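Enquirer: Just start.cif, nothing more (mmCIF, C-alpha atoms):
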data_coords
loop_
_atom_site.label_atom_id
_atom_site.label_comp_id
_atom_site.auth_asym_id
_atom_site.auth_seq_id
_atom_site.Cartn_x
_atom_site.Cartn_y
_atom_site.Cartn_z
CA MET A 44 0.00 0.00 0.00
CA GLY A 45 1.28 3.43 -0.91
CA ILE A 46 1.96 6.31 1.41
CA ILE A 47 -0.72 8.99 1.32
CA SER A 48 0.04 11.88 -1.01
CA ARG A 49 -0.86 15.07 0.87
CA GLY A 50 -3.66 16.89 -0.94
CA PHE A 51 -4.25 14.26 -3.61
CA SER A 52 -7.81 13.11 -4.15
CA GLY A 53 -7.59 11.62 -7.63
CA ARG A 54 -10.28 10.99 -10.14
CA ARG A 55 -12.36 7.86 -10.05
CA SER A 56 -14.76 6.69 -12.69
CA ALA A 57 -17.36 3.96 -12.91
CA ALA A 58 -15.21 2.29 -15.55
CA ASP A 59 -12.33 1.79 -13.11
CA ALA A 60 -14.05 -1.32 -11.79
CA LYS A 61 -13.56 -3.00 -15.17
CA LEU A 62 -9.90 -2.12 -15.37
CA PRO A 63 -6.90 -4.19 -14.28
CA PRO A 64 -4.94 -2.73 -11.36
CA GLY A 65 -2.93 0.40 -12.11
CA GLN A 66 -4.65 1.11 -15.44
CA TYR A 67 -6.65 4.17 -16.48
CA LEU A 68 -9.22 4.53 -19.19
CA THR A 69 -8.58 6.22 -22.50
CA THR A 70 -10.93 6.68 -25.41
CA ASP A 71 -8.35 7.41 -28.09
CA PHE A 72 -5.76 4.95 -29.31
CA PRO A 73 -2.20 5.85 -28.27
CA VAL A 74 0.70 4.47 -30.30
CA LEU A 75 3.79 2.91 -28.76
CA SER A 76 6.56 1.30 -30.71
CA ALA A 77 10.32 1.06 -30.43
CA GLY A 78 11.22 2.35 -33.87
CA PRO A 79 9.91 3.75 -37.15
CA THR A 80 6.66 2.39 -38.54
CA PRO A 81 7.37 -0.13 -41.33
CA HIS A 82 5.22 0.15 -44.43
CA ILE A 83 4.71 -3.28 -45.97
CA PRO A 84 3.17 -3.49 -49.47
CA LEU A 85 0.49 -6.19 -49.56
CA ASP A 86 2.13 -7.89 -52.55
CA GLN A 87 5.26 -8.40 -50.43
CA TRP A 88 3.50 -9.38 -47.22
CA GLU A 89 3.70 -12.95 -46.01
CA PHE A 90 3.03 -14.86 -42.83
CA VAL A 91 5.10 -17.91 -41.95
CA ILE A 92 4.73 -20.46 -39.18
CA ASP A 93 8.00 -22.31 -38.60
CA ASP A 94 9.64 -24.42 -35.93
CA GLY A 95 12.98 -22.62 -36.09
CA ALA A 96 14.34 -25.01 -38.70
CA ASN A 97 11.51 -25.69 -41.15
CA VAL A 98 8.65 -23.72 -42.58
CA LEU A 99 5.39 -25.37 -41.51
CA ARG A 100 2.85 -23.03 -43.14
CA ARG A 101 3.11 -19.97 -45.34
CA TRP A 102 0.51 -17.51 -46.60
CA ASP A 103 0.69 -14.54 -48.90
CA TRP A 104 -1.85 -11.76 -48.44
CA LYS A 105 -4.38 -13.31 -50.81
CA SER A 106 -4.28 -16.79 -49.31
CA PHE A 107 -4.36 -15.28 -45.82
CA ARG A 108 -7.43 -13.23 -46.70
CA ASP A 109 -9.11 -16.34 -48.12
CA LEU A 110 -9.12 -17.81 -44.60
CA PRO A 111 -12.34 -17.54 -42.60
CA THR A 112 -12.44 -14.39 -40.48
CA GLU A 113 -14.06 -13.40 -37.21
CA THR A 114 -15.21 -10.08 -35.86
CA PHE A 115 -14.65 -9.58 -32.17
CA THR A 116 -14.80 -6.89 -29.50
CA VAL A 117 -12.13 -6.84 -26.82
CA ASP A 118 -10.52 -4.63 -24.17
CA LEU A 119 -6.90 -3.54 -24.59
CA HIS A 120 -4.46 -2.98 -21.74
CA CYS A 121 -1.10 -1.33 -22.41
CA VAL A 122 1.75 -1.67 -19.93
CA THR A 123 2.15 2.12 -20.09
CA ARG A 124 -1.14 2.11 -18.12
CA TRP A 125 -3.84 3.06 -20.56
CA SER A 126 -6.73 0.73 -21.21
CA LYS A 127 -9.19 1.01 -24.04
CA LEU A 128 -12.46 -0.87 -23.70
CA GLY A 129 -14.72 -2.40 -26.31
CA THR A 130 -12.49 -2.18 -29.39
CA SER A 131 -13.85 -3.96 -32.46
CA TRP A 132 -11.67 -5.88 -34.85
CA GLU A 133 -11.74 -8.31 -37.72
CA GLY A 134 -9.11 -10.99 -38.11
CA VAL A 135 -8.25 -14.63 -38.52
CA SER A 136 -8.20 -16.73 -35.40
CA VAL A 137 -4.76 -18.13 -34.63
CA ASP A 138 -6.59 -21.46 -34.13
CA THR A 139 -7.34 -21.38 -37.85
CA MET A 140 -3.70 -20.66 -38.71
CA LEU A 141 -2.49 -23.49 -36.46
CA ALA A 142 -5.19 -25.97 -37.49
CA ASP A 143 -3.00 -28.12 -39.75
CA VAL A 144 0.19 -27.67 -37.77
CA LYS A 145 1.34 -30.70 -35.83
CA THR A 146 3.69 -29.67 -33.07
CA ASP A 147 4.86 -30.57 -29.58
CA ALA A 148 5.96 -26.97 -28.99
CA SER A 149 4.76 -25.20 -25.86
CA TYR A 150 5.83 -21.64 -26.76
CA ALA A 151 5.89 -19.33 -29.73
CA MET A 152 7.91 -16.30 -30.73
CA ALA A 153 5.88 -13.79 -32.71
CA ARG A 154 8.06 -12.12 -35.32
CA SER A 155 7.38 -8.78 -36.98
CA TYR A 156 8.49 -6.66 -39.89
CA GLY A 157 10.96 -4.24 -38.31
CA ASP A 158 12.51 -7.12 -36.35
CA TYR A 159 10.30 -6.88 -33.26
CA THR A 160 9.73 -10.14 -31.39
CA THR A 161 7.61 -11.20 -28.43
CA ASN A 162 7.21 -14.59 -26.76
CA LEU A 163 4.02 -16.33 -25.64
CA PRO A 164 2.96 -19.73 -24.42
CA LEU A 165 1.30 -21.51 -27.34
CA LYS A 166 -1.78 -22.21 -25.22
CA ASP A 167 -2.35 -18.44 -24.96
CA LEU A 168 -2.59 -18.31 -28.75
CA ARG A 169 -5.16 -21.10 -28.94
CA ASN A 170 -8.82 -21.56 -27.98
CA GLY A 171 -10.19 -18.33 -29.37
CA GLN A 172 -7.84 -16.09 -27.44
CA ALA A 173 -5.70 -14.70 -30.27
CA TRP A 174 -6.09 -13.36 -33.79
CA ILE A 175 -4.13 -12.01 -36.73
CA ALA A 176 -6.16 -8.83 -37.06
CA PHE A 177 -6.34 -6.66 -40.16
CA ARG A 178 -9.33 -4.38 -39.59
CA PHE A 179 -10.02 -2.05 -36.65
CA ASP A 180 -13.29 -0.17 -36.29
CA SER A 181 -14.40 -1.44 -39.72
CA LYS A 182 -11.37 0.12 -41.43
CA ASP A 183 -8.15 -1.41 -42.72
CA LEU A 184 -5.64 -1.39 -39.87
CA ALA A 185 -3.45 1.74 -40.08
CA PRO A 186 0.32 1.22 -40.27
CA GLU A 187 0.97 2.96 -36.93
CA HIS A 188 -1.38 0.50 -35.24
CA GLY A 189 0.30 -2.49 -36.86
CA GLY A 190 -1.22 -2.74 -40.32
CA PRO A 191 -1.45 -4.56 -42.64
CA ALA A 192 -1.91 -7.13 -39.86
CA ARG A 193 -1.03 -7.49 -36.21
CA LEU A 194 -1.26 -10.20 -33.63
CA LEU A 195 -3.96 -9.52 -31.05
CA VAL A 196 -3.84 -11.34 -27.71
CA PRO A 197 -6.02 -9.07 -25.60
CA HIS A 198 -5.80 -11.01 -22.34
CA LEU A 199 -2.10 -10.06 -22.09
CA TYR A 200 -0.50 -6.60 -22.03
CA LEU A 201 -0.56 -5.09 -25.49
CA TRP A 202 3.18 -5.41 -26.19
CA LYS A 203 2.44 -9.14 -26.66
CA SER A 204 0.11 -8.23 -29.55
CA ALA A 205 2.94 -7.76 -32.05
CA LYS A 206 2.30 -5.10 -34.68
CA TRP A 207 3.33 -5.79 -38.31
CA VAL A 208 3.43 -9.47 -37.51
CA LYS A 209 4.96 -11.74 -40.13
CA GLY A 210 5.07 -15.09 -38.43
CA LEU A 211 5.27 -17.40 -35.47
CA THR A 212 8.25 -19.54 -34.57
CA LEU A 213 7.19 -22.51 -32.46
CA MET A 214 9.57 -23.34 -29.59
CA SER A 215 9.89 -26.17 -27.10
CA HIS A 216 11.20 -23.76 -24.43
CA ASP A 217 10.30 -20.20 -23.53
CA LYS A 218 12.69 -17.50 -24.67
CA PRO A 219 12.41 -13.73 -24.12
CA GLY A 220 11.50 -11.44 -27.01
CA PHE A 221 12.36 -7.78 -27.54
CA TRP A 222 10.80 -6.08 -24.50
CA GLU A 223 11.12 -9.22 -22.38
CA ASN A 224 14.91 -8.87 -22.83
CA LEU A 225 14.72 -5.24 -21.74
CA GLY A 226 13.17 -5.64 -18.32
CA TYR A 227 9.53 -6.40 -19.08
CA HIS A 228 7.69 -9.42 -17.74
CA ILE A 229 8.07 -12.76 -19.50
CA TYR A 230 4.27 -13.38 -19.51
CA GLY A 231 2.50 -10.04 -18.95
CA ASN A 232 -0.90 -10.72 -17.38
CA PRO A 233 -2.51 -7.31 -16.74
CA TRP A 234 -4.90 -8.66 -14.09
CA ARG A 235 -1.89 -9.77 -12.02
CA GLU A 236 -0.03 -6.58 -12.95
CA GLN A 237 2.93 -8.46 -14.42
CA ARG A 238 4.62 -5.40 -15.92
CA TYR A 239 8.31 -5.83 -15.24
CA SER A 240 10.61 -8.80 -14.84
CA GLY A 241 10.50 -9.73 -11.19
CA ASP A 242 6.81 -8.80 -10.75
CA GLU A 243 5.04 -11.84 -9.33
CA MET B 259 10.00 -4.10 -8.93
CA MET B 260 9.81 -2.30 -5.58
CA TRP B 261 8.42 1.13 -4.81
CA ARG B 262 10.89 3.57 -3.22
CA VAL B 263 10.12 6.74 -1.33
CA GLY B 264 11.92 9.84 -2.54
CA THR B 265 11.83 13.28 -0.95
CA VAL B 266 11.24 16.43 -2.96
CA VAL B 267 14.33 18.60 -2.46
CA ALA B 268 13.81 21.20 -5.18
CA LEU B 269 11.11 22.45 -7.53
CA GLN B 270 11.73 24.64 -10.51
CA ASP B 271 9.27 26.02 -13.01
CA GLU B 272 10.66 25.56 -16.51
CA THR B 273 7.80 27.12 -18.51
CA ALA B 274 4.23 28.22 -17.81
CA THR B 275 3.16 24.56 -17.66
CA ALA B 276 6.28 22.51 -16.96
CA ARG B 277 8.02 22.00 -13.64
CA THR B 278 11.16 20.11 -12.71
CA ILE B 279 10.93 18.05 -9.53
CA THR B 280 14.20 17.03 -7.90
CA LEU B 281 13.98 13.96 -5.69
CA LYS B 282 16.48 12.43 -3.35
CA VAL B 283 15.90 8.70 -3.34
CA PRO B 284 18.05 7.13 -0.59
CA ASP B 285 18.11 3.63 -2.07
CA TRP B 286 18.12 4.68 -5.74
CA PRO B 287 19.99 1.99 -7.73
CA GLY B 288 21.13 4.41 -10.45
CA HIS B 289 19.83 4.90 -13.98
CA ILE B 290 20.88 5.28 -17.61
CA ALA B 291 20.05 8.39 -19.64
CA GLY B 292 16.70 7.93 -21.37
CA GLN B 293 15.03 5.71 -18.76
CA HIS B 294 11.81 6.57 -16.95
CA VAL B 295 10.13 6.00 -13.61
CA ASP B 296 6.63 5.23 -12.46
CA VAL B 297 5.26 7.78 -10.00
CA ARG B 298 2.44 6.76 -7.61
CA LEU B 299 0.02 9.11 -5.88
CA THR B 300 -2.28 7.73 -3.21
CA ALA B 301 -5.45 9.38 -1.85
CA PRO B 302 -6.56 9.03 1.80
CA ASP B 303 -9.02 6.27 0.82
CA ARG B 304 -6.11 4.36 -0.78
CA TYR B 305 -7.19 5.11 -4.34
CA SER B 306 -3.97 5.46 -6.27
CA ALA B 307 -2.92 6.65 -9.70
CA VAL B 308 0.37 5.83 -11.40
CA ARG B 309 1.98 7.51 -14.39
CA SER B 310 5.35 7.19 -16.09
CA TYR B 311 7.73 10.14 -16.42
CA SER B 312 11.08 10.34 -18.14
CA ILE B 313 14.11 11.09 -16.00
CA ALA B 314 15.70 14.42 -16.95
CA SER B 315 18.88 14.15 -14.91
CA ALA B 316 22.09 12.45 -15.96
CA PRO B 317 23.19 9.39 -14.03
CA ASN B 318 24.80 10.67 -10.83
CA SER B 319 26.22 9.35 -7.61
CA GLU B 320 24.05 11.52 -5.33
CA ARG B 321 20.91 9.36 -5.76
CA ARG B 322 19.23 12.39 -7.27
CA VAL B 323 16.40 11.94 -9.75
CA GLU B 324 14.95 14.89 -11.64
CA LEU B 325 11.64 14.67 -13.46
CA THR B 326 10.26 17.40 -15.69
CA VAL B 327 6.50 17.17 -15.82
CA ASP B 328 4.32 19.06 -18.28
CA ARG B 329 0.88 19.87 -16.92
CA LEU B 330 -1.95 18.55 -19.07
CA PRO B 331 -5.23 20.46 -18.74
CA ASN B 332 -7.31 17.39 -17.93
CA GLY B 333 -4.57 15.30 -16.37
CA GLU B 334 -5.12 13.42 -13.15
CA VAL B 335 -1.52 13.29 -11.96
CA SER B 336 0.38 16.08 -13.75
CA PRO B 337 -1.64 18.96 -12.17
CA TYR B 338 -0.82 17.60 -8.73
CA LEU B 339 2.86 17.19 -9.51
CA THR B 340 3.18 20.66 -11.04
CA GLN B 341 0.95 22.61 -8.65
CA GLU B 342 0.42 20.80 -5.33
CA LEU B 343 3.65 18.99 -4.61
CA ALA B 344 5.92 20.91 -2.21
CA ILE B 345 9.52 20.70 -1.08
CA GLY B 346 9.84 18.14 1.68
CA ASP B 347 6.95 15.98 0.45
CA PRO B 348 7.57 12.27 0.03
CA LEU B 349 6.91 10.86 -3.43
CA GLU B 350 6.78 7.18 -4.37
CA VAL B 351 8.74 6.10 -7.43
CA ARG B 352 9.56 2.80 -9.05
CA GLY B 353 12.36 2.28 -11.52
CA PRO B 354 14.42 2.94 -13.45
CA ILE B 355 12.44 1.39 -16.31
CA GLY B 356 13.32 0.83 -19.95
CA GLY B 357 16.47 -0.49 -21.60
CA TRP B 358 15.90 0.48 -25.22
CA PHE B 359 15.47 4.24 -25.46
CA VAL B 360 18.79 4.87 -23.67
CA TRP B 361 22.19 6.40 -24.41
CA ARG B 362 25.16 4.74 -22.73
CA SER B 363 28.43 6.59 -22.27
CA GLU B 364 30.30 3.79 -24.11
CA GLN B 365 28.55 4.82 -27.33
CA THR B 366 30.94 6.81 -29.52
CA GLU B 367 28.93 7.13 -32.76
CA PRO B 368 27.28 10.44 -33.72
CA ILE B 369 23.95 10.95 -31.98
CA GLN B 370 20.92 12.59 -33.56
CA LEU B 371 18.26 13.70 -31.11
CA VAL B 372 14.85 14.82 -32.35
CA ALA B 373 12.44 16.23 -29.75
CA GLY B 374 8.84 17.32 -30.07
CA GLY B 375 7.60 19.41 -27.13
CA SER B 376 8.14 17.73 -23.78
CA GLY B 377 9.74 14.83 -25.66
CA ILE B 378 12.97 16.72 -24.90
CA VAL B 379 13.06 15.34 -21.34
CA PRO B 380 14.72 11.92 -21.86
CA LEU B 381 16.94 13.46 -24.57
CA MET B 382 18.08 16.10 -22.06
CA ALA B 383 19.22 13.30 -19.77
CA MET B 384 21.34 12.02 -22.67
CA ILE B 385 22.79 15.49 -23.37
CA ARG B 386 23.58 15.98 -19.69
CA SER B 387 25.10 12.53 -19.49
CA ARG B 388 27.28 13.27 -22.52
CA ALA B 389 28.39 16.59 -20.99
CA ALA B 390 29.21 14.88 -17.70
CA VAL B 391 31.35 12.11 -19.15
CA GLY B 392 32.98 14.02 -21.99
CA GLY B 393 33.96 11.52 -24.65
CA ALA B 394 33.81 11.33 -28.38
CA ALA B 395 30.12 11.22 -29.23
CA THR B 396 28.91 14.30 -31.05
CA PHE B 397 25.29 15.19 -30.45
CA ARG B 398 22.87 17.10 -32.61
CA LEU B 399 19.48 18.15 -31.31
CA LEU B 400 16.56 19.14 -33.49
CA TYR B 401 13.95 20.49 -31.08
CA SER B 402 10.47 21.36 -32.26
CA VAL B 403 8.17 23.43 -30.04
CA ARG B 404 4.81 25.19 -30.43
CA GLU B 405 6.37 28.58 -29.68
CA PRO B 406 9.70 29.76 -28.23
CA GLY B 407 8.29 30.11 -24.71
CA ALA B 408 7.74 26.36 -24.62
CA VAL B 409 11.45 25.52 -24.89
CA LEU B 410 12.62 23.59 -21.84
CA TYR B 411 16.18 23.96 -20.46
CA ARG B 412 16.92 26.81 -22.87
CA ASP B 413 19.80 28.47 -20.98
CA GLU B 414 21.43 25.18 -20.08
CA LEU B 415 21.22 23.93 -23.66
CA GLN B 416 22.76 27.19 -24.88
CA ALA B 417 25.56 26.96 -22.33
CA LEU B 418 26.32 23.34 -23.23
CA SER B 419 26.35 24.25 -26.90
CA ASP B 420 28.63 27.27 -26.34
CA GLN B 421 31.03 25.77 -23.82
CA ASN B 422 32.23 22.53 -25.26
CA ARG B 423 30.29 22.14 -28.48
CA SER B 424 29.19 18.74 -27.30
CA VAL B 425 25.74 19.41 -28.72
CA THR B 426 24.61 21.38 -31.77
CA LEU B 427 21.16 22.93 -31.39
CA ILE B 428 18.56 23.48 -34.07
CA TYR B 429 15.19 24.86 -32.99
CA ALA B 430 12.01 24.69 -34.98
CA SER B 431 8.65 26.13 -34.05
CA THR B 432 5.26 25.09 -35.31
CA ARG B 433 3.37 28.34 -34.60
CA VAL B 434 5.63 31.28 -33.72
CA ALA B 435 9.33 31.61 -34.54
CA PRO B 436 11.76 34.43 -33.65
CA LYS B 437 13.70 36.06 -36.49
CA ASP B 438 17.00 34.42 -35.57
CA TRP B 439 15.60 30.89 -35.89
CA PRO B 440 16.51 29.18 -39.12
CA ARG B 441 13.05 28.96 -40.62
CA PRO B 442 9.53 30.28 -40.47
CA PRO B 443 6.96 28.50 -38.27
CA GLY B 444 5.81 25.12 -39.47
CA ARG B 445 5.80 21.45 -38.73
CA ILE B 446 9.05 19.58 -39.25
CA ASP B 447 9.34 18.36 -42.82
CA ALA B 448 11.62 16.28 -45.01
CA ALA B 449 13.72 19.29 -46.01
CA LEU B 450 14.41 20.34 -42.41
CA ILE B 451 15.37 16.81 -41.42
CA ALA B 452 17.62 16.49 -44.48
CA GLN B 453 19.32 19.86 -43.86
CA THR B 454 19.85 19.73 -40.12
CA THR B 455 20.40 16.12 -39.05
CA TRP B 456 23.57 14.07 -39.33
CA PRO B 457 24.19 12.67 -42.82
CA SER B 458 23.05 9.08 -42.81
CA ASN B 459 26.42 7.85 -44.12
CA LEU B 460 27.87 8.66 -40.68
CA SER B 461 25.48 6.02 -39.27
CA PRO B 462 24.20 8.11 -36.39
CA THR B 463 21.98 6.55 -33.77
CA CYS B 464 18.76 8.57 -33.78
CA TYR B 465 16.49 9.07 -30.77
CA VAL B 466 13.08 10.55 -31.50
CA CYS B 467 10.66 11.47 -28.71
CA GLY B 468 7.42 13.40 -28.77
CA PRO B 469 3.73 13.10 -29.54
CA THR B 470 2.74 10.22 -31.79
CA SER B 471 2.15 12.24 -34.96
CA PHE B 472 5.48 14.03 -34.51
CA VAL B 473 7.40 10.80 -34.00
CA GLU B 474 5.65 9.11 -36.91
CA SER B 475 6.68 11.86 -39.31
CA ALA B 476 10.18 12.50 -37.90
CA ALA B 477 11.09 8.81 -37.92
CA GLY B 478 9.69 8.51 -41.44
CA PHE B 479 11.79 11.45 -42.71
CA LEU B 480 14.92 10.05 -41.02
CA THR B 481 14.34 6.73 -42.75
CA ALA B 482 13.70 8.46 -46.08
CA ILE B 483 17.13 10.16 -46.07
CA GLY B 484 18.84 6.84 -45.66
CA ASN B 485 19.01 6.14 -41.93
CA SER B 486 18.54 2.46 -41.23
CA PRO B 487 15.33 1.76 -39.28
CA ASP B 488 17.35 -0.24 -36.75
CA LYS B 489 19.34 2.92 -35.92
CA ILE B 490 16.20 4.89 -35.07
CA ARG B 491 14.79 4.53 -31.57
CA THR B 492 11.46 6.09 -30.75
CA GLU B 493 9.41 6.94 -27.73
CA ARG B 494 5.90 8.21 -28.32
CA PHE B 495 3.07 9.56 -26.29
CA GLY B 496 -0.45 10.11 -27.56
CA PRO B 497 -2.89 12.79 -26.41
CA THR B 498 -3.71 10.63 -23.42
CA GLY B 499 -0.66 8.44 -23.66
CA ASP B 500 1.81 7.36 -21.07
CA ARG B 501 3.02 10.80 -20.02
CA LYS B 502 -0.32 12.14 -18.83
#
Spell out the structure here as structure tokens.
Expert:
Amino acid sequence: MGIISRGFSGRRSAADAKLPPGQYLTTDFPVLSAGPTPHIPLDQWEFVIDDGANVLRRWDWKSFRDLPTETFTVDLHCVTRWSKLGTSWEGVSVDTMLADVKTDASYAMARSYGDYTTNLPLKDLRNGQAWIAFRFDSKDLAPEHGGPARLLVPHLYLWKSAKWVKGLTLMSHDKPGFWENLGYHIYGNPWREQRYSGDE
Amino acid sequence: MMWRVGTVVALQDETATARTITLKVPDWPGHIAGQHVDVRLTAPDRYSAVRSYSIASAPNSERRVELTVDRLPNGEVSPYLTQELAIGDPLEVRGPIGGWFVWRSEQTEPIQLVAGGSGIVPLMAMIRSRAAVGGAATFRLLYSVREPGAVLYRDELQALSDQNRSVTLIYASTRVAPKDWPRPPGRIDAALIAQTTWPSNLSPTCYVCGPTSFVESAAGFLTAIGNSPDKIRTERFGPTGDRK
């Protein structure tokens, strides 16, 4: 529990009850990324699932967009403390992308254009919990928000939802990605406030 | 990561809306230029609000942490920090945080800093760190503000530029510019970036910090003149982003 800040009353809102600890509500859509925004022409875009040695599945934009899609509405929680509720998206479930992949792997590294990476347990990408999203608010996903397509894993902090995603590498053991190597939590559950490495 | 209790030892108004808070944090583990801290305020009923602020001070051995906070009109935390907080008050901080948007004194390559508004704060920590350690790295700063009165650390930047030429300053203003500034008011554009930043063949490391739209365009222009995307590090904050 914190020490009392003399003269601070703060601002509470009804929405706070729906927020993970330490988050505040925003209605716009802030952008956070480590470098310049890559611009990927659709005719050069591809998405590859591999096991580190071999390509298991590969899609170009057209074959990716031929996959069945879902529309879904989810809450987003960024480790920089903003949360945005009720965002609507269209994308392909990662279950669909993994459907024909036989693997004993327990983890995955999401890889992005611009060389960003982030690690996740494979079970967090399955069972309707993760998508490769390409439309936000009924519009094509803007480059600064990760377009043409980004991973979306809304039950984890948003840095796990890799923008400009280009593939998944399946792994038998967990390995830290970009931010996880720079002091952020290996898993990143917002409801347990797993922000930084060492947080329980 | 544990919360630490600092004590406010100095307060200085930088502009009409920005104030520098100097904390002494007895068990501060030290930081690297460019890192930030979480600041926690707690109300009597235990409601608390946490925001992140960039550290403005260079790494130092006195366990001193300076934060420059810009007051946002509808902010929850920044009005308290810039108007209520008094010398002698305790303030809870956690950090330092962030290992990417940092400048380490071992770096010897040319450094290009591009600041939009209060995005100068983590870049100032880098400039101060460079001035403190000396060394070979040559810094350029392109600093865009709404109007000249919004420039933070103006006298100190001028002194650092005059004294040892460790940093070259270029100001740009979006709305009002004095006559002695290099160009009329306007947003930064490709020509300004091309004319005032390090040539890309020197392979500078570029640090860009400011509002999202500013960072998007500045990083794009830096890439367009040949800087490799992996040499451009960005830190962004939206209208209600992480620096509220």
Enquirer: Neighbours of Pro84 in chain A within 10 Å (all atoms listed in the file; same-chain residues fewer than 4 positions away dropped), as a tab-separated table (two decimals) with C-alpha atoms, in the coordinates of the input?
Expert:
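Below is the file selection03.tsv, written as the result:
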chain	number	residue	atom	x	y	z
A	88	TRP	CA	3.50	-9.38	-47.22
A	104	TRP	CA	-1.85	-11.76	-48.44
A	191	PRO	CA	-1.45	-4.56	-42.64
Enquirer: Tell me which of B:Ser310, B:Thr470, B:Thr455, B:Thr275 sits closest to Arg124 in chain A, counting all atoms listed in the file.
Expert: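 For Arg124 in chain A, the nearest of the given residues is B:Ser310.
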Enquirer: What separation in Å, quoted to one decimal, exists between CA of Thr116 in chain A and CA of Asp180 in chain A?
Expert: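 Separation between CA of Thr116 in chain A and CA of Asp180 in chain A: 9.7 Å.
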Enquirer: Run the PyMOL selection byres ((chain B) within 8 of (chain A)) on the file and write out the hits as a ChimeraX atom specification.
Expert: /B:259,298-302,304-310,334-335,338,342,347-350,355-359,470,474,477-478,481,487-488,490-500
Enquirer: For range 261-294 of chain B against range 388-407 of chain B, with a cut-off of 12 Å and counting only C-alpha atoms, what is the closest atom pair and its distance in Å to one decimal for every residue that makes the cut, ordered by chain and number, as JSON lines?
Expert:
{"residue": "B:Glu272", "atom": "CA", "partner": "B:Gly407", "partner_atom": "CA", "distance": 9.7}
{"residue": "B:Thr273", "atom": "CA", "partner": "B:Gly407", "partner_atom": "CA", "distance": 6.9}
{"residue": "B:Ala274", "atom": "CA", "partner": "B:Gly407", "partner_atom": "CA", "distance": 8.2}
{"residue": "B:Thr275", "atom": "CA", "partner": "B:Gly407", "partner_atom": "CA", "distance": 10.3}
{"residue": "B:Ala276", "atom": "CA", "partner": "B:Gly407", "partner_atom": "CA", "distance": 11.0}
{"residue": "B:Ile290", "atom": "CA", "partner": "B:Arg388", "partner_atom": "CA", "distance": 11.4}
{"residue": "B:Ala291", "atom": "CA", "partner": "B:Arg388", "partner_atom": "CA", "distance": 9.2}
{"residue": "B:Gly292", "atom": "CA", "partner": "B:Arg388", "partner_atom": "CA", "distance": 11.9}
Enquirer: May I ask which of the residues A:Thr112, A:Ser155, A:Asn232, A:Gln87 is the closest one to Lys206 in chain A, counting only C-alpha atoms?
Expert: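 Between A:Thr112, A:Ser155, A:Asn232, A:Gln87, the residue approaching Lys206 in chain A most closely is A:Ser155.
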Enquirer: Could you tell me which of A:Ser149, A:Ser131, A:Asn170, A:Thr161 comes closest to Tyr200 in chain A if we count all atoms listed in the file?
Expert: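 The closest residue to Tyr200 in chain A is A:Thr161.
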Enquirer: What is the CA of Leu427 in chain B to CA of Ser336 in chain B distance in Å?
Expert: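 That distance, rounded to one decimal, is 28.1 Å.
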Enquirer: Contacts of Tyr150 in chain A at 10 Å or less, counting all atoms listed in the file, minus same-chain residues fewer than 6 places along, as a list in words?
Expert: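 Final neighbour list, sorted by chain and number: Asn162, Leu163, Pro164, Leu165, Lys166, Asp167, Leu168, Leu211, Thr212, Leu213, Met214, Ser215, His216, Asp217 and Lys218 of chain A.
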Enquirer: How many Å separate CA of Ile175 in chain A from CA of His188 in chain A?
Expert: 12.9 Å
Enquirer: With all atoms of range 439-445 of chain B from the file as input, state the centre and edge lengths in Å to one decimal of the axis-aligned box that has 3 Å extra on each side, as AutoDock Vina command-line options.
Expert:
--center_x 11.2 --center_y 26.2 --center_z -38.3 --size_x 16.7 --size_y 15.4 --size_z 10.7
Enquirer: So that I can check the surroundings of Lys182 in chain A, please list as JSON, numbers by chain every protein, DNA and RNA residue that reaches within 10 Å of it, counting only C-alpha atoms and ignoring chain neighbours fewer than 5 positions away.
Expert: {"A": [132, 133, 177]}
Enquirer: Please write the residues picked by the PyMOL selection byres ((chain B and resi 316) around 8) on this file as a list of chain:residue names.
Expert: B:Ile290, B:Ala291, B:Ala314, B:Ser315, B:Pro317, B:Asn318, B:Ala383, B:Met384, B:Arg386, B:Ser387, B:Ala390
Enquirer: With C-alpha atoms retained, could you export that selection as a CSV table (one decimal), in the frame of the given file?
Expert:
chain,number,residue,atom,x,y,z
B,290,ILE,CA,20.9,5.3,-17.6
B,291,ALA,CA,20.0,8.4,-19.6
B,314,ALA,CA,15.7,14.4,-17.0
B,315,SER,CA,18.9,14.2,-14.9
B,317,PRO,CA,23.2,9.4,-14.0
B,318,ASN,CA,24.8,10.7,-10.8
B,383,ALA,CA,19.2,13.3,-19.8
B,384,MET,CA,21.3,12.0,-22.7
B,386,ARG,CA,23.6,16.0,-19.7
B,387,SER,CA,25.1,12.5,-19.5
B,390,ALA,CA,29.2,14.9,-17.7
Enquirer: Which residues, named as in the file, does the PyMOL selection byres ((chain A and resi 209) around 8) pick out? Answer as a list in words.
Expert: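 This file gives the following for the PyMOL selection byres ((chain A and resi 209) around 8): Trp88, Glu89, Phe90, Val91, Ala153, Arg154, Ser155, Tyr156, Trp207, Val208, Gly210 and Leu211 of chain A.
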Enquirer: Which one of B:Ser363, B:Lys282, B:Pro380, B:Leu343 sits closest to Ile313 in chain B if you count only C-alpha atoms?
Expert: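 Distance minimum relative to Ile313 in chain B lands on B:Pro380.
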